[in-house]
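Chemist: Sharing final25.cif, mmCIF, C-alpha atoms:
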```cif
data_my_file
#
loop_
_atom_site.label_atom_id
_atom_site.label_comp_id
_atom_site.auth_asym_id
_atom_site.auth_seq_id
_atom_site.Cartn_x
_atom_site.Cartn_y
_atom_site.Cartn_z
CA MET A 1 37.06 -28.14 -0.24
CA ASP A 2 36.12 -27.15 3.28
CA GLN A 3 35.59 -23.54 2.37
CA ILE A 4 33.43 -24.52 -0.58
CA THR A 5 31.24 -26.71 1.61
CA ILE A 6 30.82 -23.89 4.10
CA TYR A 7 30.09 -21.39 1.34
CA VAL A 8 27.43 -23.59 -0.25
CA SER A 9 25.80 -24.32 3.09
CA GLU A 10 25.75 -20.58 3.75
CA VAL A 11 23.85 -20.11 0.50
CA ILE A 12 21.32 -22.88 0.92
CA ARG A 13 20.40 -22.09 4.51
CA TYR A 14 18.31 -19.21 3.16
CA LEU A 15 16.53 -21.42 0.65
CA PRO A 16 13.42 -23.56 1.07
CA GLN A 17 14.05 -27.09 2.27
CA LYS A 18 12.84 -28.76 -0.88
CA SER A 19 15.34 -27.09 -3.19
CA GLN A 20 18.29 -27.21 -0.78
CA SER A 21 19.83 -30.54 -1.71
CA GLU A 22 19.50 -29.96 -5.47
CA ILE A 23 21.09 -26.54 -5.34
CA LYS A 24 23.77 -27.80 -3.00
CA LYS A 25 24.84 -30.50 -5.47
CA GLU A 26 24.63 -28.25 -8.50
CA LEU A 27 26.38 -25.28 -6.96
CA THR A 28 29.17 -27.42 -5.52
CA THR A 29 29.89 -28.94 -8.91
CA ASN A 30 29.85 -25.58 -10.60
CA ILE A 31 32.26 -24.10 -8.09
CA LEU A 32 34.59 -27.10 -8.33
CA ASP A 33 34.57 -26.75 -12.13
CA MET A 34 35.58 -23.13 -11.80
CA VAL A 35 38.32 -23.99 -9.34
CA ASP A 36 39.62 -26.70 -11.68
CA GLU A 37 39.87 -24.19 -14.48
CA LEU A 38 42.05 -21.92 -12.36
CA THR A 39 44.29 -24.68 -11.00
CA ALA A 40 44.79 -26.01 -14.54
CA GLY A 41 46.15 -22.56 -15.32
CA GLY A 42 48.75 -22.98 -12.60
CA MET A 43 47.12 -21.39 -9.58
CA SER A 44 47.32 -23.15 -6.20
CA GLU A 45 44.07 -24.77 -5.12
CA LYS A 46 43.81 -22.54 -2.05
CA ASP A 47 44.10 -19.36 -4.08
CA ALA A 48 41.74 -20.71 -6.70
CA VAL A 49 39.04 -21.40 -4.10
CA VAL A 50 39.41 -17.93 -2.63
CA SER A 51 39.27 -16.38 -6.07
CA VAL A 52 36.18 -18.28 -7.18
CA LEU A 53 34.27 -17.71 -3.95
CA SER A 54 35.07 -14.00 -4.01
CA LYS A 55 33.75 -13.86 -7.53
CA MET A 56 30.55 -15.61 -6.51
CA GLY A 57 30.07 -12.95 -3.86
CA ASN A 58 28.10 -12.73 -0.68
CA PRO A 59 26.23 -16.03 -0.07
CA ARG A 60 23.22 -14.09 1.15
CA LEU A 61 22.92 -12.21 -2.14
CA LEU A 62 23.39 -15.38 -4.16
CA ALA A 63 20.62 -17.00 -2.12
CA ASP A 64 18.39 -14.02 -2.94
CA GLN A 65 19.01 -14.63 -6.64
CA TYR A 66 17.91 -18.23 -6.23
CA LEU A 67 14.86 -17.20 -4.26
CA ASP A 68 13.81 -14.75 -6.93
CA LYS A 69 11.60 -13.07 -4.39
CA LYS A 70 10.92 -9.40 -4.45
CA ALA A 71 13.70 -7.88 -2.41
CA TYR A 72 11.54 -4.89 -1.59
CA LEU A 73 8.41 -4.44 0.42
CA ILE A 74 6.63 -1.93 -1.78
CA GLY A 75 7.68 -1.41 -5.37
CA PRO A 76 7.83 1.77 -7.43
CA ARG A 77 4.34 1.25 -8.85
CA TYR A 78 2.66 1.62 -5.50
CA TYR A 79 5.25 3.66 -3.62
CA PRO A 80 3.86 7.16 -4.28
CA THR A 81 0.34 6.05 -3.35
CA TYR A 82 1.70 4.26 -0.31
CA VAL A 83 3.47 7.36 0.96
CA MET A 84 0.41 9.50 0.39
CA ILE A 85 -1.96 7.08 2.12
CA ALA A 86 0.47 6.59 5.01
CA LYS A 87 0.63 10.36 5.52
CA ILE A 88 -3.11 10.81 5.33
CA VAL A 89 -3.91 7.89 7.62
CA SER A 90 -1.31 9.06 10.15
CA GLY A 91 -2.78 12.55 10.01
CA ALA A 92 -6.31 11.24 10.43
CA VAL A 93 -5.29 9.05 13.36
CA ALA A 94 -3.50 11.96 15.04
CA LEU A 95 -6.53 14.17 14.45
CA GLY A 96 -8.92 11.54 15.81
CA ILE A 97 -6.84 11.04 18.94
CA THR A 98 -6.59 14.80 19.43
CA VAL A 99 -10.35 15.21 19.13
CA ALA A 100 -11.00 12.33 21.52
CA LEU A 101 -8.57 13.58 24.14
CA SER A 102 -9.65 17.21 23.85
CA VAL A 103 -13.26 16.26 24.47
CA GLN A 104 -12.20 14.05 27.33
CA TYR A 105 -10.13 16.87 28.85
CA LEU A 106 -12.79 19.53 28.40
CA PHE A 107 -15.43 17.48 30.12
CA SER A 108 -13.45 15.87 32.87
CA THR A 109 -13.14 17.57 36.21
CA ASP A 110 -9.91 16.09 37.50
CA ALA A 111 -7.58 15.75 34.49
CA SER A 112 -4.48 17.93 34.60
CA ILE A 113 -3.27 19.55 31.42
CA PHE A 114 0.16 18.03 31.85
CA GLN A 115 -1.22 14.54 32.27
CA THR A 116 -3.44 14.96 29.24
CA LEU A 117 -0.54 16.29 27.19
CA VAL A 118 1.63 13.31 28.07
CA GLN A 119 -1.25 10.97 27.27
CA TRP A 120 -1.80 12.83 24.00
CA LEU A 121 1.84 12.51 22.90
CA GLY A 122 1.95 8.84 23.89
CA SER A 123 -1.30 8.01 22.13
CA ILE A 124 -0.30 9.87 18.97
CA PHE A 125 3.03 8.07 18.85
CA MET A 126 1.44 4.67 19.29
CA GLY A 127 -1.42 5.50 16.99
CA VAL A 128 0.76 6.76 14.15
CA VAL A 129 3.16 3.81 14.45
CA GLN A 130 0.21 1.43 14.25
CA ALA A 131 -1.36 3.33 11.38
CA ILE A 132 1.86 3.21 9.35
CA ALA A 133 2.33 -0.45 10.19
CA TRP A 134 -1.13 -1.31 8.92
CA VAL A 135 -0.82 0.74 5.76
CA THR A 136 2.57 -0.86 5.07
CA LEU A 137 1.15 -4.32 5.67
CA ILE A 138 -1.73 -3.70 3.29
CA PHE A 139 0.48 -2.33 0.53
CA ALA A 140 3.01 -5.13 0.95
CA GLY A 141 0.08 -7.50 0.65
CA VAL A 142 -1.10 -5.80 -2.53
CA GLU A 143 2.40 -6.09 -3.96
CA ARG A 144 2.53 -9.83 -3.16
CA PHE A 145 -0.99 -10.65 -4.25
CA GLU A 146 -0.35 -8.91 -7.51
CA GLU A 147 2.46 -11.38 -8.07
CA VAL A 148 0.05 -14.23 -7.44
CA GLY A 149 -2.41 -12.64 -9.81
CA VAL A 150 -5.31 -12.13 -7.46
CA LEU A 151 -5.33 -8.40 -8.04
CA LYS A 152 -4.88 -8.53 -11.78
CA HIS A 153 -8.59 -8.22 -12.44
CA VAL A 154 -9.25 -5.59 -9.82
CA ASP A 155 -7.20 -2.99 -11.62
CA VAL A 156 -6.46 -0.72 -8.74
CA ASP A 157 -3.56 0.45 -10.80
CA LEU A 158 -3.42 2.13 -14.12
CA ASP A 159 -1.98 -0.50 -16.44
CA ASP A 160 -5.16 -1.84 -17.91
CA TRP A 161 -6.16 1.29 -19.72
CA SER A 162 -7.59 1.80 -23.14
CA VAL A 163 -8.59 4.95 -24.98
CA LYS A 164 -12.18 3.92 -24.30
CA ASP A 165 -11.51 4.84 -20.68
CA LEU A 166 -10.81 8.40 -21.74
CA PRO A 167 -13.79 10.67 -21.15
CA LYS A 168 -15.15 12.61 -24.17
CA SER A 169 -14.57 15.96 -22.58
CA GLN A 170 -12.29 17.26 -19.91
CA ARG A 171 -13.78 16.44 -16.56
CA ASN A 172 -13.88 19.13 -13.95
CA SER A 173 -15.13 16.88 -11.23
CA LYS A 174 -11.85 15.00 -10.94
CA LYS A 175 -10.48 17.17 -8.20
CA SER A 176 -13.71 17.35 -6.28
CA ASP A 177 -13.96 13.55 -6.41
CA ARG A 178 -10.60 13.32 -4.77
CA ILE A 179 -11.39 15.93 -2.14
CA GLU A 180 -14.70 14.22 -1.45
CA GLY A 181 -12.79 10.98 -1.07
CA LEU A 182 -10.29 12.62 1.25
CA VAL A 183 -12.98 14.12 3.46
CA GLY A 184 -14.90 10.85 3.61
CA PHE A 185 -11.70 8.97 4.34
CA LEU A 186 -10.61 11.30 7.15
CA PHE A 187 -14.08 11.28 8.67
CA ALA A 188 -14.24 7.49 8.54
CA ILE A 189 -10.87 7.06 10.26
CA ILE A 190 -11.69 9.52 13.01
CA PHE A 191 -15.10 7.93 13.53
CA LEU A 192 -13.51 4.49 13.64
CA ILE A 193 -11.09 5.56 16.35
CA LEU A 194 -13.75 7.23 18.45
CA LEU A 195 -16.16 4.34 18.03
CA ASN A 196 -13.60 1.80 19.15
CA THR A 197 -11.93 3.73 21.94
CA ARG A 198 -14.27 6.45 23.22
CA LEU A 199 -17.76 5.16 22.55
CA GLU A 200 -19.03 6.91 25.66
CA LEU A 201 -18.34 10.30 24.05
CA PHE A 202 -21.27 9.83 21.69
CA GLY A 203 -24.08 11.05 23.84
CA VAL A 204 -26.13 13.83 25.20
CA TYR A 205 -24.03 16.05 27.43
CA MET A 206 -25.94 16.93 30.60
CA PHE A 207 -24.77 20.09 32.28
CA ASP A 208 -25.61 21.26 35.75
CA GLN A 209 -24.80 24.96 36.20
CA GLY A 210 -22.06 24.96 33.65
CA THR A 211 -20.27 21.77 34.67
CA LEU A 212 -20.74 18.46 33.00
CA LYS A 213 -22.83 16.14 35.11
CA GLU A 214 -22.88 13.13 32.86
CA ILE A 215 -22.92 11.96 29.28
CA ILE A 216 -25.99 9.93 28.46
CA PRO A 217 -24.94 7.55 25.70
CA ILE A 218 -26.85 7.55 22.44
CA PHE A 219 -25.65 4.05 21.73
CA ASN A 220 -26.46 0.86 23.50
CA MET A 221 -23.31 0.35 25.58
CA GLN A 222 -24.28 -3.03 26.99
CA ASN A 223 -24.05 -4.97 23.75
CA ALA A 224 -21.44 -2.75 22.13
CA SER A 225 -19.18 -5.75 21.58
CA THR A 226 -21.71 -7.26 19.19
CA TRP A 227 -22.39 -4.26 16.96
CA VAL A 228 -19.21 -2.14 17.13
CA PRO A 229 -17.10 -4.66 15.15
CA LEU A 230 -19.74 -4.93 12.42
CA ILE A 231 -20.11 -1.17 12.12
CA SER A 232 -16.30 -0.87 12.14
CA ILE A 233 -16.06 -3.25 9.18
CA ALA A 234 -18.74 -1.27 7.37
CA ILE A 235 -16.89 1.99 7.98
CA ALA A 236 -13.55 0.47 7.01
CA LEU A 237 -14.98 -0.76 3.69
CA ASN A 238 -16.33 2.68 3.05
CA ALA A 239 -12.97 4.19 3.97
CA ILE A 240 -11.21 1.94 1.45
CA SER A 241 -13.64 3.05 -1.23
CA ASP A 242 -13.06 6.70 -0.33
CA GLY A 243 -9.34 6.01 -0.14
CA ILE A 244 -9.36 4.76 -3.73
CA ALA A 245 -11.23 7.86 -4.89
CA MET A 246 -8.67 9.96 -3.07
CA ALA A 247 -5.61 8.06 -4.27
CA LEU A 248 -6.40 7.82 -7.96
CA ARG A 249 -6.00 10.78 -10.19
CA ASN A 250 -8.26 9.23 -12.75
CA GLN A 251 -10.80 6.60 -11.99
CA THR A 252 -11.41 3.95 -14.56
CA ARG A 253 -14.65 2.07 -14.99
CA ASN A 254 -13.12 -0.85 -13.11
CA THR A 255 -12.15 1.20 -10.10
CA MET A 256 -15.63 2.71 -10.06
CA TRP A 257 -17.15 -0.76 -10.06
CA PHE A 258 -14.75 -1.86 -7.38
CA ARG A 259 -15.78 1.09 -5.22
CA LEU A 260 -19.43 0.33 -5.77
CA VAL A 261 -18.90 -3.26 -4.66
CA LEU A 262 -17.13 -2.03 -1.51
CA ASN A 263 -19.98 0.35 -0.80
CA VAL A 264 -22.60 -2.34 -1.29
CA LEU A 265 -20.73 -4.66 1.08
CA SER A 266 -20.41 -1.86 3.59
CA PHE A 267 -24.10 -1.15 3.25
CA ILE A 268 -24.97 -4.80 3.93
CA PHE A 269 -23.04 -4.67 7.22
CA PHE A 270 -24.64 -1.35 8.11
CA ALA A 271 -28.12 -2.54 7.28
CA TYR A 272 -27.65 -5.70 9.29
CA VAL A 273 -26.70 -3.74 12.40
CA LEU A 274 -29.42 -1.15 11.86
CA ILE A 275 -32.09 -3.79 11.55
CA ASN A 276 -30.90 -6.42 14.03
CA GLY A 277 -28.30 -4.65 16.06
CA ASN A 278 -30.26 -3.07 18.88
CA PHE A 279 -27.46 -0.53 18.85
CA LEU A 280 -29.22 2.57 20.15
CA ASN A 281 -29.80 3.36 23.80
CA VAL A 282 -33.52 2.63 24.18
CA ASP A 283 -33.72 4.54 27.46
CA LEU A 284 -32.08 7.72 26.18
CA ALA A 285 -35.22 9.86 26.47
CA ALA A 286 -36.14 8.49 29.87
CA GLN A 287 -32.61 9.17 31.12
CA ILE A 288 -32.63 12.76 29.85
CA ALA A 289 -36.09 13.68 31.08
CA PRO A 290 -37.88 10.90 32.96
CA GLU A 291 -41.17 12.77 33.11
CA SER A 292 -41.45 13.90 29.47
CA VAL A 293 -43.69 11.53 27.53
CA GLU A 294 -43.31 13.64 24.39
CA LEU A 295 -39.57 13.29 24.37
CA GLN A 296 -39.87 9.55 24.84
CA ASN A 297 -42.31 9.32 21.95
CA LEU A 298 -39.98 11.43 19.83
CA TRP A 299 -37.06 9.11 20.60
CA ILE A 300 -39.12 6.04 19.69
CA TRP A 301 -40.08 7.73 16.42
CA ALA A 302 -36.47 8.75 15.77
CA GLN A 303 -35.11 5.26 16.42
CA ARG A 304 -37.53 3.77 13.96
CA ASN A 305 -36.89 6.36 11.29
CA VAL A 306 -33.14 6.73 11.54
CA VAL A 307 -32.90 3.22 10.13
CA VAL A 308 -35.16 4.12 7.22
CA ILE A 309 -33.33 7.38 6.54
CA ILE A 310 -29.88 5.79 6.56
CA VAL A 311 -31.01 2.94 4.33
CA VAL A 312 -32.64 5.34 1.86
CA VAL A 313 -29.65 7.69 1.80
CA ASN A 314 -27.32 4.78 1.15
CA LEU A 315 -29.50 3.37 -1.60
CA ILE A 316 -29.63 6.78 -3.27
CA SER A 317 -25.85 7.21 -3.08
CA MET A 318 -25.33 3.77 -4.61
CA ALA A 319 -27.84 4.55 -7.33
CA ILE A 320 -25.90 7.75 -8.09
CA GLN A 321 -22.69 5.75 -8.29
CA THR A 322 -24.27 3.28 -10.72
CA PHE A 323 -25.57 6.17 -12.77
CA GLN A 324 -22.08 7.71 -12.85
CA ILE A 325 -20.59 4.46 -14.07
CA ASN A 326 -23.20 4.33 -16.82
CA ARG A 327 -22.55 7.90 -17.83
CA PHE A 328 -18.84 7.16 -17.77
CA ASN A 329 -19.46 4.37 -20.26
CA ARG A 330 -21.29 6.65 -22.62
CA GLU A 331 -18.96 9.62 -22.40
CA MET B 1 34.33 13.04 -14.62
CA ALA B 2 34.46 10.31 -11.98
CA ASP B 3 30.71 10.63 -11.66
CA ASN B 4 30.33 10.19 -15.36
CA LYS B 5 32.28 6.97 -15.25
CA GLU B 6 30.07 5.57 -12.50
CA LEU B 7 26.98 6.55 -14.41
CA LEU B 8 28.33 4.91 -17.55
CA GLU B 9 29.01 1.72 -15.65
CA SER B 10 25.53 1.54 -14.25
CA LEU B 11 23.97 2.30 -17.63
CA VAL B 12 26.07 -0.33 -19.38
CA LEU B 13 25.04 -2.80 -16.70
CA GLU B 14 21.43 -1.92 -17.35
CA LEU B 15 21.89 -2.41 -21.10
CA ARG B 16 23.50 -5.79 -20.67
CA ARG B 17 20.98 -7.01 -18.19
CA GLY B 18 18.27 -6.88 -20.82
CA THR B 19 20.29 -9.00 -23.23
CA LEU B 20 21.35 -11.61 -20.70
CA ILE B 21 18.44 -13.98 -21.13
CA LEU B 22 18.72 -13.81 -24.89
CA SER B 23 22.38 -14.76 -24.79
CA VAL B 24 21.78 -17.59 -22.33
CA LEU B 25 18.85 -19.07 -24.24
CA SER B 26 20.70 -18.82 -27.53
CA GLN B 27 23.45 -21.12 -26.25
CA LEU B 28 21.14 -23.85 -25.06
CA TYR B 29 20.10 -25.57 -28.28
CA THR B 30 22.58 -28.19 -27.12
CA GLN B 31 22.63 -29.21 -23.50
CA GLU B 32 25.05 -27.49 -21.17
CA TYR B 33 25.79 -27.52 -17.46
CA GLY B 34 26.43 -24.40 -15.42
CA TYR B 35 30.12 -23.92 -15.90
CA SER B 36 30.29 -25.12 -19.49
CA LEU B 37 27.65 -22.55 -20.34
CA ILE B 38 29.65 -19.78 -18.72
CA GLN B 39 32.67 -20.73 -20.80
CA LYS B 40 30.61 -20.93 -23.95
CA ILE B 41 29.10 -17.49 -23.40
CA THR B 42 32.42 -15.97 -22.35
CA ASP B 43 34.12 -17.40 -25.44
CA LYS B 44 31.62 -15.48 -27.53
CA GLY B 45 32.72 -12.31 -25.78
CA MET B 46 29.83 -11.84 -23.39
CA ASN B 47 30.61 -11.53 -19.68
CA ILE B 48 28.33 -13.23 -17.23
CA ASP B 49 28.61 -13.69 -13.48
CA ALA B 50 28.37 -17.24 -12.18
CA GLY B 51 26.24 -15.88 -9.36
CA THR B 52 23.79 -14.53 -11.88
CA LEU B 53 23.79 -17.45 -14.30
CA TYR B 54 23.18 -20.38 -11.96
CA PRO B 55 20.04 -19.00 -10.39
CA LEU B 56 18.90 -17.75 -13.81
CA LEU B 57 19.05 -21.28 -15.22
CA ARG B 58 16.78 -22.59 -12.49
CA ARG B 59 14.42 -19.68 -13.04
CA LEU B 60 14.20 -20.30 -16.78
CA GLU B 61 13.49 -23.93 -16.07
CA LYS B 62 10.74 -22.97 -13.64
CA GLN B 63 9.27 -20.75 -16.32
CA GLY B 64 9.04 -23.77 -18.56
CA LEU B 65 11.64 -22.76 -21.15
CA LEU B 66 14.35 -25.26 -20.25
CA ASP B 67 14.44 -28.95 -19.43
CA SER B 68 17.09 -30.29 -17.12
CA SER B 69 18.52 -33.66 -16.24
CA TRP B 70 21.23 -34.97 -13.94
CA ASP B 71 24.21 -36.81 -15.32
CA ILE B 72 25.55 -38.89 -12.45
CA TYR B 73 28.00 -40.96 -14.48
CA GLU B 74 30.69 -38.33 -14.63
CA ASN B 75 33.11 -37.85 -11.76
CA ARG B 76 30.89 -35.08 -10.50
CA PRO B 77 27.12 -35.15 -10.79
CA ARG B 78 26.12 -32.45 -13.26
CA ARG B 79 22.84 -30.89 -14.03
CA TYR B 80 22.38 -30.27 -17.75
CA TYR B 81 20.01 -27.71 -19.19
CA LYS B 82 18.57 -27.56 -22.70
CA LEU B 83 15.91 -25.56 -24.49
CA ASN B 84 12.58 -27.36 -24.76
CA SER B 85 10.08 -26.70 -27.56
CA GLN B 86 8.46 -23.80 -25.71
CA GLY B 87 11.88 -22.32 -25.07
CA GLU B 88 12.87 -22.67 -28.72
CA GLU B 89 9.67 -20.95 -29.80
CA LEU B 90 10.23 -18.10 -27.37
CA LEU B 91 13.85 -17.75 -28.38
CA LYS B 92 12.79 -17.36 -32.02
CA GLN B 93 10.38 -14.59 -31.12
CA LEU B 94 12.90 -12.94 -28.84
CA THR B 95 15.50 -13.11 -31.59
CA SER B 96 13.28 -11.37 -34.09
CA GLU B 97 12.49 -8.71 -31.47
CA TRP B 98 16.19 -8.25 -30.95
CA ASN B 99 16.89 -7.91 -34.67
CA GLN B 100 14.18 -5.31 -35.05
CA LEU B 101 15.41 -3.42 -32.04
CA ASN B 102 18.92 -3.55 -33.35
CA GLN B 103 17.84 -1.99 -36.65
CA ILE B 104 15.78 0.66 -34.95
CA ILE B 105 18.54 1.64 -32.57
CA SER B 106 21.06 1.76 -35.40
CA GLN B 107 18.74 4.13 -37.24
CA CYS B 108 18.32 6.23 -34.14
CA LEU B 109 22.04 6.44 -33.63
CA ILE B 110 22.76 7.91 -37.06
CA ARG B 111 23.47 11.52 -36.37
CA GLU B 112 21.54 13.80 -38.67
CA GLU B 113 23.29 16.99 -39.62
#
```
Would you put the structure from the file into structure tokens?
Modeler:
Amino acid sequence: MDQITIYVSEVIRYLPQKSQSEIKKELTTNILDMVDELTAGGMSEKDAVVSVLSKMGNPRLLADQYLDKKAYLIGPRYYPTYVMIAKIVSGAVALGITVALSVQYLFSTDASIFQTLVQWLGSIFMGVVQAIAWVTLIFAGVERFEEVGVLKHVDVDLDDWSVKDLPKSQRNSKKSDRIEGLVGFLFAIIFLILLNTRLELFGVYMFDQGTLKEIIPIFNMQNASTWVPLISIAIALNAISDGIAMALRNQTRNTMWFRLVLNVLSFIFFAYVLINGNFLNVDLAAQIAPESVELQNLWIWAQRNVVVIIVVVNLISMAIQTFQINRFNRE
Amino acid sequence: MADNKELLESLVLELRRGTLILSVLSQLYTQEYGYSLIQKITDKGMNIDAGTLYPLLRRLEKQGLLDSSWDIYENRPRRYYKLNSQGEELLKQLTSEWNQLNQIISQCLIREE
């Protein structure tokens, strides 16, 4: 009896509180019934208990059966995509860190190559570990949310397919879509890293007889904490959209819509910062050439128009996307 | 050859796994508790692990196919399970699927010369 009690308590300790007492009662009875059967056949009670418990197996595994939870983090449906994205993100992170540190090394006067190399290895290790952790977390989340049903309508996967989704003719743009997605994705990740860790590198490099005197920042460094997060979200949304283009061999209408929604959201963040963010360094021209009025006028003109240009470019790209979805419908 | 045996075992396991729910549901027109159900199924020639069956019963109940009730008047409190109307309906459909599948597979297995 003692062993049975211990066995059952070993099983239920892995289970949620609310089902513990029920399962405890039920399982105990079931085990006792099985033991009875064996003792009725002439076995000693001790042997019967051992025999039954061995047959029931590891309490941990039995608890897993009761839990009916997915015993894996990322299932076979998403695994290939997960591996691919993890590789690409790790590569992009490593590349971004390499670019950042190379620039830093090239333009610093006192950094030793050895020191930089050590820093490089350390940063890449940490960066790649973090990148993989995040990708894993996201995919595990997708796997779980799918169970809940949140993702059923998003159709990131390929289940919900009908012949209507098949284009009329063979598309040649498939591959280029994916490469475009890959390039956009890589660029976004690298930009994200630089923006969040080496903001000062974005600037005008002022040289004095061949050595770097200073970097005059293009961006407004003072209130960076207010606009960098918003821009980061915008870039990340874009990166997810590009990531989907890259990951899927064939896009369906739903994935195209989903990407468009991501891009629109990203654009809203972008536009907000562009219009309200005060994110450019107003004094850039004055810092480069204090006496040149023309340059200062040019910078004022540029600041005003960069907003317009970016907004227009984004609107055009979203219009193209909408057009593509429409064409996709007709094909 | 040893490899082949292992492979066979895992394939047989796979085959049986698919039929498990059908065999459990089919024995629950009358109410049964955990161990009585094991005996009933085993008597019909189907092997089922206790460690698989007990959690499965709770799962089927959670899915709305079984109703359960405690009988506390016996010497040990027992939880009885029985098909409810939804479960009966599903079992009928599952049974007809099984019969079709059975026919199809039998056809497939006839070796054409």
Chemist: Apply the PyMOL selection byres ((chain A and resi 235) around 12) to the file shown and report the selected residues as a PDB file with C-alpha atoms, in the coordinates of the input.
Modeler:
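Wrote it out as out.pdb, contents follow:
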```pdb
ATOM      1  CA  GLY A 184     -14.900  10.850   3.610  1.00  0.00           C
ATOM      2  CA  PHE A 185     -11.700   8.970   4.340  1.00  0.00           C
ATOM      3  CA  LEU A 186     -10.610  11.300   7.150  1.00  0.00           C
ATOM      4  CA  PHE A 187     -14.080  11.280   8.670  1.00  0.00           C
ATOM      5  CA  ALA A 188     -14.240   7.490   8.540  1.00  0.00           C
ATOM      6  CA  ILE A 189     -10.870   7.060  10.260  1.00  0.00           C
ATOM      7  CA  ILE A 190     -11.690   9.520  13.010  1.00  0.00           C
ATOM      8  CA  PHE A 191     -15.100   7.930  13.530  1.00  0.00           C
ATOM      9  CA  LEU A 192     -13.510   4.490  13.640  1.00  0.00           C
ATOM     10  CA  ILE A 193     -11.090   5.560  16.350  1.00  0.00           C
ATOM     11  CA  LEU A 195     -16.160   4.340  18.030  1.00  0.00           C
ATOM     12  CA  ASN A 196     -13.600   1.800  19.150  1.00  0.00           C
ATOM     13  CA  VAL A 228     -19.210  -2.140  17.130  1.00  0.00           C
ATOM     14  CA  PRO A 229     -17.100  -4.660  15.150  1.00  0.00           C
ATOM     15  CA  LEU A 230     -19.740  -4.930  12.420  1.00  0.00           C
ATOM     16  CA  ILE A 231     -20.110  -1.170  12.120  1.00  0.00           C
ATOM     17  CA  SER A 232     -16.300  -0.870  12.140  1.00  0.00           C
ATOM     18  CA  ILE A 233     -16.060  -3.250   9.180  1.00  0.00           C
ATOM     19  CA  ALA A 234     -18.740  -1.270   7.370  1.00  0.00           C
ATOM     20  CA  ALA A 236     -13.550   0.470   7.010  1.00  0.00           C
ATOM     21  CA  LEU A 237     -14.980  -0.760   3.690  1.00  0.00           C
ATOM     22  CA  ASN A 238     -16.330   2.680   3.050  1.00  0.00           C
ATOM     23  CA  ALA A 239     -12.970   4.190   3.970  1.00  0.00           C
ATOM     24  CA  ILE A 240     -11.210   1.940   1.450  1.00  0.00           C
ATOM     25  CA  SER A 241     -13.640   3.050  -1.230  1.00  0.00           C
ATOM     26  CA  ASP A 242     -13.060   6.700  -0.330  1.00  0.00           C
ATOM     27  CA  GLY A 243      -9.340   6.010  -0.140  1.00  0.00           C
ATOM     28  CA  LEU A 262     -17.130  -2.030  -1.510  1.00  0.00           C
ATOM     29  CA  ASN A 263     -19.980   0.350  -0.800  1.00  0.00           C
ATOM     30  CA  VAL A 264     -22.600  -2.340  -1.290  1.00  0.00           C
ATOM     31  CA  LEU A 265     -20.730  -4.660   1.080  1.00  0.00           C
ATOM     32  CA  SER A 266     -20.410  -1.860   3.590  1.00  0.00           C
ATOM     33  CA  PHE A 267     -24.100  -1.150   3.250  1.00  0.00           C
ATOM     34  CA  ILE A 268     -24.970  -4.800   3.930  1.00  0.00           C
ATOM     35  CA  PHE A 269     -23.040  -4.670   7.220  1.00  0.00           C
ATOM     36  CA  PHE A 270     -24.640  -1.350   8.110  1.00  0.00           C
TER      37      PHE A 270
END
```
Chemist: Select all residues from chain B having any atom no more than 12 Å from an atom of chain A (counting only C-alpha atoms, ignoring ligands), output as number ranges by chain.
Modeler: B: 32-39, 48-60, 62, 68-72, 74-81
Chemist: Enter the distance from atom CA of A:Leu280 to atom CA of A:Asn220, in Å, rounded to one decimal.
Modeler: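 About the pair atom CA of A:Leu280 and atom CA of A:Asn220: they are 4.7 Å apart.
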Chemist: Restricting the calculation to only C-alpha atoms: of A:Leu248, A:Ile216, A:Ala271, A:Ile132, which residue gets closest to A:Gly91?
Modeler: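 Answer, going by the shortest atom-to-atom distance: A:Ile132.
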Chemist: Figure out the distance between atom CA of A:Val11 and atom CA of A:Asp47, please, to one decimal in Å.
Modeler: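 Value for the atom CA of A:Asp47-atom CA of A:Val11 distance: 20.8 Å.
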Chemist: Given the PyMOL selection byres ((chain A and resi 321) around 12) and the file above, list the residues it selects as a PyMOL selection string.
Modeler: chain A and resi 177+241+253+255-264+314-320+322-328
